[in-house]
file input-v2.txt (compact mmCIF, C-alpha atoms)
# COMPACT_ATOMS: atom_id res chain seq x y z
CA MET A 1 89.75 -151.42 12.99
CA HIS A 2 89.28 -149.72 9.64
CA ILE A 3 92.21 -147.42 10.45
CA LEU A 4 94.43 -150.42 11.23
CA ASP A 5 93.46 -152.10 7.96
CA SER A 6 94.12 -148.90 6.00
CA ILE A 7 97.60 -148.38 7.48
CA SER A 8 98.47 -152.06 7.16
CA SER A 9 97.47 -152.22 3.49
CA ARG A 10 99.54 -149.14 2.68
CA PHE A 11 102.79 -150.02 4.47
CA LEU A 12 102.61 -153.63 5.67
CA ASP A 13 101.10 -156.96 4.64
CA SER A 14 97.97 -158.51 6.12
CA SER A 15 99.72 -161.25 8.13
CA GLU A 16 98.94 -161.70 11.82
CA ARG A 17 102.55 -160.87 12.71
CA SER A 18 102.38 -157.53 10.85
CA ARG A 19 98.99 -156.68 12.29
CA GLU A 20 100.23 -157.38 15.81
CA ALA A 21 103.24 -155.15 15.16
CA LEU A 22 100.93 -152.34 14.03
CA VAL A 23 98.81 -152.62 17.18
CA ASN A 24 101.99 -152.44 19.26
CA ILE A 25 103.13 -149.36 17.35
CA LEU A 26 99.86 -147.52 18.00
CA MET A 27 99.90 -148.46 21.71
CA SER A 28 103.52 -147.33 21.99
CA LEU A 29 102.70 -143.99 20.34
CA ILE A 30 99.96 -143.38 22.91
CA SER A 31 102.30 -144.34 25.73
CA LYS A 32 105.08 -142.11 24.39
CA ALA A 33 102.71 -139.15 24.19
CA VAL A 34 101.72 -139.71 27.84
CA SER A 35 105.38 -140.05 28.89
CA VAL A 36 106.49 -136.90 27.05
CA LEU A 37 103.60 -134.85 28.44
CA SER A 38 104.25 -136.16 31.96
CA SER A 39 107.97 -135.40 31.75
CA LEU A 40 107.26 -131.86 30.53
CA LEU A 41 104.79 -131.19 33.36
CA ILE A 42 107.03 -132.73 36.03
CA VAL A 43 109.84 -130.23 35.37
CA PRO A 44 108.01 -127.04 36.50
CA LEU A 45 106.33 -128.95 39.35
CA THR A 46 109.68 -130.22 40.60
CA ILE A 47 111.39 -126.83 40.33
CA SER A 48 108.55 -125.13 42.22
CA TYR A 49 108.60 -127.85 44.88
CA VAL A 50 112.30 -127.47 45.63
CA ASN A 51 114.26 -124.67 43.94
CA PRO A 52 116.42 -124.34 40.81
CA THR A 53 119.63 -125.11 42.75
CA GLN A 54 118.22 -128.22 44.40
CA TYR A 55 116.72 -129.28 41.08
CA GLY A 56 120.18 -129.07 39.50
CA ILE A 57 121.52 -131.24 42.34
CA TRP A 58 118.72 -133.70 41.69
CA LEU A 59 119.52 -133.93 37.97
CA ALA A 60 123.22 -134.46 38.68
CA LEU A 61 122.57 -137.31 41.12
CA SER A 62 119.98 -138.90 38.82
CA SER A 63 122.42 -138.93 35.90
CA VAL A 64 125.03 -140.71 38.04
CA ILE A 65 122.48 -143.35 39.07
CA ALA A 66 121.41 -143.91 35.45
CA TRP A 67 124.81 -145.47 34.74
CA ILE A 68 123.84 -148.40 36.98
CA GLY A 69 121.62 -149.54 34.12
CA PHE A 70 124.68 -150.73 32.22
CA PHE A 71 125.58 -153.26 34.90
CA ASP A 72 123.08 -155.81 33.56
CA LEU A 73 125.74 -156.38 30.85
CA GLY A 74 123.13 -156.63 28.12
CA LEU A 75 121.36 -159.59 29.75
CA GLY A 76 117.96 -158.01 29.03
CA ASN A 77 118.53 -157.84 25.27
CA GLY A 78 120.15 -161.27 25.20
CA PHE A 79 117.15 -162.70 27.07
CA ARG A 80 114.78 -160.96 24.65
CA ASN A 81 116.21 -162.80 21.63
CA ARG A 82 116.69 -166.17 23.31
CA TYR A 83 113.15 -166.15 24.75
CA THR A 84 111.58 -165.41 21.36
CA GLU A 85 113.72 -168.06 19.62
CA ALA A 86 112.81 -170.74 22.16
CA LYS A 87 109.10 -169.91 22.00
CA ALA A 88 109.12 -169.86 18.18
CA GLN A 89 110.58 -173.39 18.29
CA GLY A 90 107.86 -174.49 20.73
CA ASP A 91 110.32 -175.33 23.53
CA MET A 92 108.33 -173.97 26.49
CA ALA A 93 110.54 -175.77 29.02
CA LEU A 94 113.51 -173.78 27.72
CA VAL A 95 111.40 -170.58 27.76
CA CYS A 96 110.68 -171.09 31.47
CA GLN A 97 114.37 -171.72 32.15
CA TYR A 98 115.39 -168.55 30.29
CA VAL A 99 112.91 -166.47 32.35
CA SER A 100 114.02 -167.83 35.73
CA THR A 101 117.72 -167.73 34.83
CA THR A 102 117.57 -164.12 33.62
CA PHE A 103 115.69 -162.92 36.73
CA PHE A 104 118.25 -164.73 38.89
CA ALA A 105 121.26 -163.36 36.99
CA VAL A 106 120.07 -159.74 36.87
CA GLY A 107 118.91 -159.93 40.50
CA THR A 108 122.33 -161.20 41.57
CA ILE A 109 124.17 -158.51 39.59
CA VAL A 110 122.12 -155.58 40.91
CA THR A 111 122.37 -156.91 44.48
CA LEU A 112 126.17 -156.94 44.22
CA VAL A 113 126.08 -153.47 42.62
CA PHE A 114 123.87 -152.13 45.42
CA VAL A 115 126.17 -153.56 48.10
CA ALA A 116 129.13 -151.91 46.35
CA ILE A 117 127.20 -148.61 46.23
CA LEU A 118 126.49 -148.79 49.96
CA ALA A 119 130.17 -149.41 50.65
CA ALA A 120 131.33 -146.61 48.33
CA ASN A 121 128.72 -144.14 49.56
CA SER A 122 130.23 -144.09 53.05
CA PHE A 123 133.47 -142.71 51.56
CA ILE A 124 131.95 -140.20 49.12
CA ASN A 125 131.37 -136.58 50.05
CA TRP A 126 128.69 -135.60 47.54
CA SER A 127 129.03 -131.92 48.42
CA ASP A 128 132.62 -132.04 47.17
CA VAL A 129 131.72 -134.12 44.13
CA LEU A 130 128.98 -131.70 43.05
CA ASN A 131 130.82 -128.63 44.32
CA ILE A 132 127.97 -127.40 46.55
CA GLY A 133 127.58 -126.40 50.20
CA GLN A 134 128.54 -128.91 52.89
CA SER A 135 125.08 -128.52 54.44
CA TYR A 136 123.76 -130.86 51.75
CA SER A 137 126.33 -133.61 52.36
CA LEU A 138 124.38 -135.89 54.75
CA GLU A 139 121.09 -135.57 52.87
CA LEU A 140 122.73 -136.29 49.51
CA GLY A 141 124.24 -139.50 50.86
CA LYS A 142 120.77 -140.69 51.89
CA ILE A 143 119.24 -139.64 48.56
CA PHE A 144 121.92 -141.49 46.61
CA VAL A 145 121.11 -144.71 48.48
CA ILE A 146 117.36 -144.22 47.93
CA LEU A 147 117.80 -143.66 44.21
CA ALA A 148 120.18 -146.60 43.90
CA ALA A 149 117.80 -148.93 45.77
CA PHE A 150 114.80 -148.08 43.59
CA PHE A 151 116.84 -148.17 40.40
CA CYS A 152 118.27 -151.61 41.20
CA LEU A 153 114.84 -152.96 42.14
CA SER A 154 113.27 -151.55 39.00
CA MET A 155 115.95 -153.20 36.83
CA VAL A 156 114.68 -156.57 38.04
CA ALA A 157 110.99 -155.61 37.86
CA ARG A 158 111.36 -154.20 34.33
CA LEU A 159 112.41 -157.65 33.10
CA SER A 160 108.67 -158.35 32.98
CA GLY A 161 108.49 -155.60 30.36
CA THR A 162 111.37 -157.20 28.47
CA LEU A 163 109.48 -160.50 28.61
CA LEU A 164 106.40 -158.86 27.07
CA THR A 165 108.58 -157.22 24.42
CA ALA A 166 110.10 -160.59 23.57
CA ASP A 167 106.55 -161.98 23.44
CA GLN A 168 105.76 -159.32 20.77
CA LYS A 169 103.68 -157.24 23.20
CA VAL A 170 105.93 -154.20 23.31
CA GLY A 171 102.84 -151.96 23.28
CA VAL A 172 101.68 -153.31 26.64
CA ALA A 173 105.15 -152.79 28.12
CA SER A 174 105.12 -149.22 26.77
CA LEU A 175 101.75 -148.54 28.38
CA VAL A 176 103.08 -149.69 31.75
CA GLU A 177 106.08 -147.38 31.29
CA GLY A 178 103.77 -144.48 30.45
CA GLY A 179 101.56 -145.37 33.40
CA GLY A 180 104.57 -145.19 35.70
CA GLN A 181 105.45 -141.73 34.39
CA LEU A 182 101.86 -140.54 34.84
CA ALA A 183 101.69 -141.97 38.37
CA SER A 184 104.95 -140.18 39.18
CA LEU A 185 103.46 -136.89 37.92
CA VAL A 186 100.40 -137.34 40.14
CA ALA A 187 102.59 -138.24 43.12
CA ILE A 188 104.80 -135.14 42.67
CA TYR A 189 101.67 -132.96 42.35
CA VAL A 190 100.29 -134.38 45.62
CA LEU A 191 103.71 -133.84 47.19
CA THR A 192 103.69 -130.15 46.25
CA LYS A 193 100.30 -129.73 47.93
CA THR A 194 100.95 -131.65 51.13
CA THR A 195 104.62 -131.12 52.07
CA THR A 196 107.33 -128.48 51.95
CA GLY A 197 110.29 -128.76 49.58
CA SER A 198 112.53 -131.75 50.31
CA LEU A 199 115.03 -133.54 48.09
CA THR A 200 114.55 -136.72 50.12
CA HIS A 201 110.78 -136.72 49.55
CA LEU A 202 111.36 -135.97 45.88
CA ALA A 203 113.67 -138.99 45.56
CA LEU A 204 111.19 -141.28 47.32
CA TYR A 205 108.25 -140.31 45.13
CA PHE A 206 109.98 -139.63 41.81
CA ALA A 207 112.00 -142.87 41.80
CA GLY A 208 109.76 -144.97 44.04
CA VAL A 209 106.39 -144.61 42.34
CA PRO A 210 107.46 -145.83 38.82
CA CYS A 211 109.39 -148.65 40.49
CA LEU A 212 106.29 -149.62 42.51
CA VAL A 213 104.20 -149.63 39.32
CA TRP A 214 106.62 -152.09 37.70
CA VAL A 215 106.78 -154.30 40.81
CA VAL A 216 102.97 -154.50 41.05
CA PHE A 217 102.69 -155.13 37.32
CA SER A 218 105.27 -157.93 37.50
CA VAL A 219 103.35 -159.66 40.30
CA VAL A 220 100.05 -159.33 38.41
CA LEU A 221 101.63 -160.53 35.15
CA PHE A 222 102.81 -163.81 36.64
CA LEU A 223 99.38 -164.37 38.21
CA LEU A 224 97.71 -164.27 34.80
CA PRO A 225 96.95 -167.72 33.28
CA ALA A 226 99.03 -166.96 30.15
CA TYR A 227 102.20 -166.29 32.18
CA ARG A 228 101.65 -168.25 35.39
CA ASP A 229 103.85 -171.12 34.21
CA LEU A 230 106.68 -168.66 33.51
CA THR A 231 106.86 -167.41 37.11
CA PRO A 232 110.57 -167.35 38.10
CA ARG A 233 111.43 -170.36 40.27
CA PRO A 234 114.79 -171.44 41.77
CA SER A 235 114.31 -174.92 40.31
CA GLN A 236 114.19 -173.45 36.79
CA VAL A 237 117.47 -171.54 37.11
CA LYS A 238 120.08 -173.07 34.80
CA LEU A 239 123.51 -171.48 35.19
CA ARG A 240 124.65 -172.90 31.85
CA LEU A 241 122.11 -170.65 30.12
CA ILE A 242 123.72 -167.48 31.51
CA ARG A 243 126.58 -167.87 29.07
CA ASP A 244 124.11 -168.30 26.20
CA ILE A 245 122.22 -165.14 27.18
CA LEU A 246 125.34 -163.19 28.09
CA GLY A 247 127.20 -164.07 24.87
CA LEU A 248 124.66 -162.14 22.80
CA GLY A 249 123.87 -159.65 25.56
CA MET A 250 127.48 -158.55 25.99
CA GLN A 251 127.63 -157.63 22.32
CA PHE A 252 124.57 -155.41 22.74
CA PHE A 253 126.17 -153.94 25.87
CA VAL A 254 129.36 -152.99 23.99
CA ILE A 255 127.36 -151.49 21.11
CA TYR A 256 125.30 -149.26 23.42
CA LEU A 257 128.42 -148.30 25.37
CA CYS A 258 130.15 -147.25 22.13
CA LEU A 259 127.15 -145.12 21.14
CA ILE A 260 127.16 -143.35 24.50
CA VAL A 261 130.91 -142.71 24.28
CA ILE A 262 130.51 -141.31 20.75
CA PHE A 263 127.71 -138.92 21.61
CA GLN A 264 129.29 -137.77 24.87
CA MET A 265 132.45 -137.21 22.81
CA LEU A 266 130.43 -135.16 20.30
CA ASN A 267 129.31 -132.69 22.97
CA ILE A 268 132.82 -132.45 24.42
CA VAL A 269 134.43 -131.76 21.03
CA ILE A 270 131.83 -129.10 20.18
CA SER A 271 132.39 -127.43 23.55
CA ARG A 272 136.20 -127.56 23.26
CA GLU A 273 136.37 -126.39 19.67
CA LEU A 274 133.47 -123.93 19.49
CA GLY A 275 132.42 -123.17 23.06
CA PRO A 276 129.42 -124.08 25.26
CA ASP A 277 127.04 -121.84 23.29
CA ALA A 278 127.53 -124.12 20.28
CA VAL A 279 126.60 -127.11 22.46
CA THR A 280 123.34 -125.37 23.33
CA GLU A 281 122.58 -124.67 19.67
CA TYR A 282 123.34 -128.27 18.70
CA ASN A 283 121.17 -129.71 21.47
CA ILE A 284 118.22 -127.51 20.51
CA ALA A 285 118.41 -128.77 16.92
CA TYR A 286 118.97 -132.34 18.12
CA LYS A 287 115.92 -132.31 20.42
CA TYR A 288 113.78 -130.84 17.65
CA PHE A 289 114.59 -133.50 15.06
CA ASN A 290 114.73 -136.24 17.71
CA VAL A 291 110.94 -136.01 17.97
CA LEU A 292 110.68 -137.75 14.59
CA ASN A 293 113.45 -140.16 15.54
CA ASN A 294 111.44 -141.25 18.59
CA VAL A 295 108.49 -142.03 16.32
CA VAL A 296 110.77 -144.12 14.05
CA ILE A 297 112.12 -146.09 17.03
CA ILE A 298 108.57 -146.76 18.23
CA ILE A 299 107.69 -148.09 14.77
CA LEU A 300 110.80 -150.28 14.56
CA SER A 301 110.71 -151.70 18.10
CA PRO A 302 107.98 -154.35 17.59
CA PHE A 303 109.81 -155.70 14.55
CA TRP A 304 112.88 -156.67 16.61
CA SER A 305 111.12 -159.62 18.28
CA ALA A 306 108.91 -160.20 15.24
CA PHE A 307 112.03 -160.90 13.17
CA THR A 308 113.45 -163.12 15.93
CA ASP A 309 110.26 -165.18 15.68
CA ALA A 310 110.19 -165.14 11.86
CA TYR A 311 113.87 -166.08 11.50
CA ALA A 312 113.52 -168.96 13.95
CA LYS A 313 110.56 -170.22 11.89
CA ARG A 314 112.43 -169.55 8.59
CA ASP A 315 109.58 -167.34 7.34
CA TYR A 316 111.69 -165.68 4.63
CA PRO A 317 108.80 -164.40 2.48
CA TRP A 318 107.36 -162.38 5.39
CA MET A 319 110.80 -161.01 6.30
CA LYS A 320 111.51 -159.87 2.72
CA ARG A 321 108.10 -158.19 2.40
CA THR A 322 108.48 -156.48 5.74
CA VAL A 323 111.98 -155.16 4.99
CA ARG A 324 110.64 -153.58 1.79
CA SER A 325 107.78 -152.04 3.78
CA LEU A 326 110.18 -150.66 6.40
CA GLU A 327 112.32 -149.16 3.63
CA ARG A 328 109.20 -147.38 2.30
CA LEU A 329 108.48 -146.14 5.81
CA TRP A 330 112.05 -144.80 6.00
CA ALA A 331 111.53 -142.88 2.75
CA PHE A 332 108.25 -141.47 4.13
CA THR A 333 109.89 -140.34 7.41
CA SER A 334 112.82 -138.85 5.48
CA VAL A 335 110.39 -136.57 3.66
CA GLY A 336 108.96 -135.68 7.07
CA CYS A 337 112.46 -134.82 8.29
CA LEU A 338 112.97 -132.48 5.32
CA VAL A 339 109.63 -130.81 6.08
CA MET A 340 110.78 -130.32 9.68
CA PHE A 341 113.98 -128.73 8.34
CA ALA A 342 111.94 -126.30 6.21
CA LEU A 343 109.95 -125.31 9.32
CA SER A 344 112.87 -125.33 11.75
CA GLN A 345 113.69 -121.62 11.91
CA PRO A 346 110.16 -120.38 12.72
CA PHE A 347 109.80 -123.26 15.21
CA TYR A 348 113.04 -122.32 16.99
CA ARG A 349 111.87 -118.72 17.32
CA LEU A 350 108.56 -119.89 18.76
CA TRP A 351 110.22 -122.43 21.05
CA VAL A 352 113.29 -120.66 22.49
CA GLY A 353 112.74 -117.07 21.32
CA SER A 354 115.64 -114.92 20.25
CA ASP A 355 118.00 -115.90 23.06
CA VAL A 356 119.52 -118.72 21.01
CA THR A 357 120.06 -118.70 17.25
CA VAL A 358 120.46 -122.03 15.45
CA ALA A 359 122.15 -121.72 12.06
CA THR A 360 120.33 -123.15 9.05
CA SER A 361 123.45 -125.15 8.14
CA LEU A 362 123.44 -126.74 11.60
CA SER A 363 119.77 -127.73 11.26
CA LEU A 364 120.49 -129.26 7.86
CA ALA A 365 123.44 -131.24 9.24
CA VAL A 366 121.31 -132.61 12.10
CA ALA A 367 118.46 -133.42 9.69
CA VAL A 368 120.87 -135.34 7.44
CA TYR A 369 122.23 -137.20 10.46
CA PHE A 370 118.75 -138.36 11.49
CA ILE A 371 117.82 -139.39 7.94
CA VAL A 372 120.96 -141.54 7.72
CA SER A 373 120.55 -142.78 11.30
CA ASN A 374 116.98 -143.86 10.68
CA LEU A 375 118.13 -145.83 7.63
CA GLY A 376 120.80 -147.53 9.71
CA ASN A 377 118.29 -148.30 12.47
CA THR A 378 115.88 -149.78 9.93
CA TYR A 379 118.41 -152.50 9.12
CA MET A 380 119.96 -152.73 12.58
CA TYR A 381 116.68 -153.45 14.40
CA VAL A 382 115.96 -156.28 11.97
CA ILE A 383 119.49 -157.66 12.31
CA ASN A 384 119.30 -157.30 16.11
CA GLY A 385 116.19 -159.46 16.02
CA ILE A 386 117.94 -162.09 13.92
CA GLY A 387 120.89 -161.92 16.36
CA THR A 388 123.74 -161.65 13.85
CA ILE A 389 125.30 -158.49 15.29
CA ARG A 390 129.08 -159.15 15.16
CA LEU A 391 129.65 -156.83 12.16
CA GLN A 392 127.58 -154.12 13.80
CA LEU A 393 129.66 -154.49 16.96
CA LEU A 394 132.99 -154.26 15.11
CA THR A 395 131.84 -151.19 13.16
CA TYR A 396 130.79 -149.29 16.30
CA VAL A 397 133.96 -150.26 18.20
CA ALA A 398 136.16 -149.14 15.30
CA PHE A 399 134.30 -145.86 15.02
CA ALA A 400 134.46 -145.22 18.79
CA LEU A 401 138.25 -145.64 18.65
CA VAL A 402 138.78 -143.14 15.81
CA ALA A 403 135.88 -140.72 16.45
CA TRP A 404 137.86 -138.28 18.61
CA PRO A 405 140.64 -137.39 16.10
CA PHE A 406 138.19 -137.33 13.19
CA MET A 407 135.83 -134.99 15.08
CA LEU A 408 138.71 -132.70 16.07
CA TRP A 409 139.92 -132.54 12.46
CA ALA A 410 136.41 -131.95 11.09
CA GLY A 411 135.72 -129.29 13.72
CA SER A 412 138.90 -127.35 13.00
CA ASN A 413 138.25 -127.42 9.24
CA PHE A 414 134.48 -127.31 8.85
CA GLY A 415 133.13 -126.16 12.20
CA ILE A 416 130.13 -127.69 13.93
CA VAL A 417 128.68 -129.03 10.67
CA GLY A 418 131.88 -131.01 10.10
CA ILE A 419 131.76 -132.47 13.62
CA ILE A 420 128.18 -133.67 13.13
CA MET A 421 128.93 -135.16 9.72
CA VAL A 422 131.45 -137.58 11.29
CA PRO A 423 128.77 -139.72 13.03
CA SER A 424 126.58 -139.26 9.92
CA VAL A 425 129.25 -140.93 7.78
CA ALA A 426 129.61 -143.71 10.36
CA MET A 427 125.84 -144.33 10.38
CA LEU A 428 125.79 -144.36 6.57
CA LEU A 429 128.55 -146.99 6.58
CA GLN A 430 126.60 -148.98 9.17
CA ALA A 431 123.46 -148.76 7.00
CA LEU A 432 125.31 -149.99 3.89
CA ILE A 433 126.84 -152.91 5.78
CA GLY A 434 123.45 -153.69 7.31
CA LYS A 435 121.75 -153.65 3.90
CA ILE A 436 124.34 -156.03 2.43
CA GLN A 437 124.24 -158.37 5.44
CA LEU A 438 120.44 -158.46 5.53
CA SER A 439 120.23 -159.20 1.81
CA LYS A 440 122.67 -162.09 2.25
CA LEU A 441 120.76 -163.46 5.25
CA LEU A 442 117.34 -163.31 3.60
CA ASN A 443 118.64 -164.72 0.31
CA LYS A 444 120.46 -167.52 2.20
CA THR A 445 123.86 -166.56 0.75
CA ALA A 446 125.46 -165.40 4.00
CA HIS A 447 128.62 -167.15 5.21
CA GLY A 448 131.30 -166.56 7.84
CA MET A 449 131.21 -163.16 9.52
CA TRP A 450 127.91 -162.27 7.80
CA THR A 451 126.14 -164.95 9.87
CA GLN A 452 127.67 -164.19 13.29
call {"tool": "encode", "arguments": {"input": "input-v2.txt", "output": "C-alpha cells"}}
result
Amino acid sequence: MHILDSISSRFLDSSERSREALVNILMSLISKAVSVLSSLLIVPLTISYVNPTQYGIWLALSSVIAWIGFFDLGLGNGFRNRYTEAKAQGDMALVCQYVSTTFFAVGTIVTLVFVAILAANSFINWSDVLNIGQSYSLELGKIFVILAAFFCLSMVARLSGTLLTADQKVGVASLVEGGGQLASLVAIYVLTKTTTGSLTHLALYFAGVPCLVWVVFSVVLFLLPAYRDLTPRPSQVKLRLIRDILGLGMQFFVIYLCLIVIFQMLNIVISRELGPDAVTEYNIAYKYFNVLNNVVIIILSPFWSAFTDAYAKRDYPWMKRTVRSLERLWAFTSVGCLVMFALSQPFYRLWVGSDVTVATSLSLAVAVYFIVSNLGNTYMYVINGIGTIRLQLLTYVAFALVAWPFMLWAGSNFGIVGIIMVPSVAMLLQALIGKIQLSKLLNKTAHGMWTQ
C-alpha cells in the first residue's frame, strides 16, 4: 500500500478514481509480463511439437483468422463508453439493456460470419492459397474451421472483459487474458509430452484453451452478486440501442482500420523501396522500442473509462489534474525512450547478434516516432473516453488516403528514415489537434466539430 501511495502522490492525485486506475495499471503490468513470457515460451514449444514448415503454416492461418476480429464493427468500444456513461448517470436499467443488446448484436454478427466462413471454406484450397503441398489441403480446411469457431466464440465471451474494462476494472480483465495465455502454454507443454506433432491438435489447444478460459470466466462473472443483474437476457435486448452503440463503435472501427492500413503500407513501402532486409531491420527496432510503448498503453488504458465516468459526472477538476499528470508521465517515458536509444546498439548485438545490423539513424527515427505516438495516445485515450472522436477519425482517414504517395516520396529522397518520419508527422499533428480539442472540452469552450 505504501508503494501505491508513493506512486500516486508523485504522478496522480489521491482521489478514489486515480487510486483505482493505479491498481489497474499494476495488475495489467503483471498480466502483460505473464503474457509476454508465455508467448515467448510457446514459440519454441510449438516449433518442436510440429516443425518449422508447419509452424509457418500455422502462423499464416492464424493471421487470416485474426481479421475476423474486425467484424464486430467497433461494437465493443461503443459498448464500453455507453455502459460507463449510463452507470455514471445511475441508470442501471439502461446499463442492463446495453449489456444484453451488445451480447446479442455481437453474437448475431459472429454467427453470420461463421456461417459465411463455413460456406467459403468448402470452395477454398488452402494448399494453393499458402502455396504448399496438396497433402495438407484437407487438414488445413478442418483447422481453419476450428480456429474460426473458437475465435468467433471468444469474441462473444471477451465482452465480459470489455464490461469489466468499462466498469474501470481493466486490471481484472488483463489478468484473465494473461491467465488464458498461461493456460495455453501449459496445454501446449502437455501436448508435446503426450501426443505426436499435429496441426489439428495444436489448433484445438492453442485456440481452444484461452477461449475456454474466457467462457468459464464469463459464466462465473454473471453468477457473482455484483454482476448477476447484468446477465444477458432476451427481454433486455433493445434493438434501438444498437444504433447508439454502433454510431460510436463504427468510428472506432474506421480509426483502427486506418491504422492497420497505414502500418501494413509502411512495411510494403520499405520492402518495395529498400528491400526485405530493410523490413527486418525496421521490425527489430520497432519491437525493441515497442516494449516501452506497451507499458504506456497499459498505463493509459484505465483512464479511458475513468474519463468516460468523470465526463458524465462533469468532474472537470479531476480531469484537468489527471491530464497534467499524464503529460508528466509522457515526459518521463520520453526520457526512458531516449535512454533505450542510447542502449540500442549493444542491445541489438546481444539480441540478434551480428546477422542483422540496425543503423543508428533508424533507431533514432523509431524512437522519435514512439515519443510522438505516446504523446498522441495520451490525448487520444482521454478523448476516446469522452467520446468526441470525429476529428480523430477525419485525421486518420485523411492520412490513410495520402500516406502511400508521401511514403514513396520520402523513401526515394530520405530512405527508411524518411518513410518512418511520415507517420511521425501524422501522429504529431494528431497530438496537437488532441491537445487543442481537450483544452476546449475541459475549459467548456468547445463548439461544433470539437464536441463531436
call {"tool": "atom_distance", "arguments": {"input": "input-v2.txt", "atom1": "atom CA of A:Ala207", "atom2": "atom CA of A:Leu191"}}
result
13.4 Å
call {"tool": "residues_around", "arguments": {"input": "input-v2.txt", "residues": "A:Val295", "least_positions_apart": "5", "cutoff": "10 Å", "atoms": "only C-alpha atoms", "output": "list of chain:residue names"}}
result
A:Ile25, A:Ser28, A:Leu29, A:Lys32, A:Asn290, A:Leu300, A:Thr333
call {"tool": "closest_atom_pairs", "arguments": {"input": "input-v2.txt", "of": "stretch 149-213 of chain A", "to": "stretch 90-107 of chain A", "cutoff": "8 Å", "atoms": "only C-alpha atoms", "output": "JSON lines"}}
result
{"residue": "A:Met155", "atom": "CA", "partner": "A:Val106", "partner_atom": "CA", "distance": 7.7}
{"residue": "A:Val156", "atom": "CA", "partner": "A:Gly107", "partner_atom": "CA", "distance": 5.9}
{"residue": "A:Leu159", "atom": "CA", "partner": "A:Phe103", "partner_atom": "CA", "distance": 7.2}
{"residue": "A:Leu163", "atom": "CA", "partner": "A:Val99", "partner_atom": "CA", "distance": 7.8}
call {"tool": "residues_near_point", "arguments": {"input": "input-v2.txt", "point": "(118.3, -133.1, 8.9)", "cutoff": "9 Å", "atoms": "all atoms listed in the file", "output": "PyMOL selection string"}}
result
chain A and resi 289+334+337-338+340-341+362-372
call {"tool": "write_last_selection", "arguments": {"input": "input-v2.txt", "atoms": "C-alpha atoms", "output": "compact mmCIF listing (two decimals), keeping the file's coordinate frame"}}
result
# COMPACT_ATOMS: atom_id res chain seq x y z
CA PHE A 289 114.59 -133.50 15.06
CA SER A 334 112.82 -138.85 5.48
CA CYS A 337 112.46 -134.82 8.29
CA LEU A 338 112.97 -132.48 5.32
CA MET A 340 110.78 -130.32 9.68
CA PHE A 341 113.98 -128.73 8.34
CA LEU A 362 123.44 -126.74 11.60
CA SER A 363 119.77 -127.73 11.26
CA LEU A 364 120.49 -129.26 7.86
CA ALA A 365 123.44 -131.24 9.24
CA VAL A 366 121.31 -132.61 12.10
CA ALA A 367 118.46 -133.42 9.69
CA VAL A 368 120.87 -135.34 7.44
CA TYR A 369 122.23 -137.20 10.46
CA PHE A 370 118.75 -138.36 11.49
CA ILE A 371 117.82 -139.39 7.94
CA VAL A 372 120.96 -141.54 7.72
call {"tool": "closest_residue", "arguments": {"input": "input-v2.txt", "among": "A:Ile188, A:Ala148, A:Val237, A:Val50", "to": "A:Ser38", "atoms": "only C-alpha atoms"}}
result
A:Ile188
call {"tool": "atom_distance", "arguments": {"input": "input-v2.txt", "atom1": "atom CA of A:Ile383", "atom2": "atom CA of A:Phe252"}}
result
11.8 Å
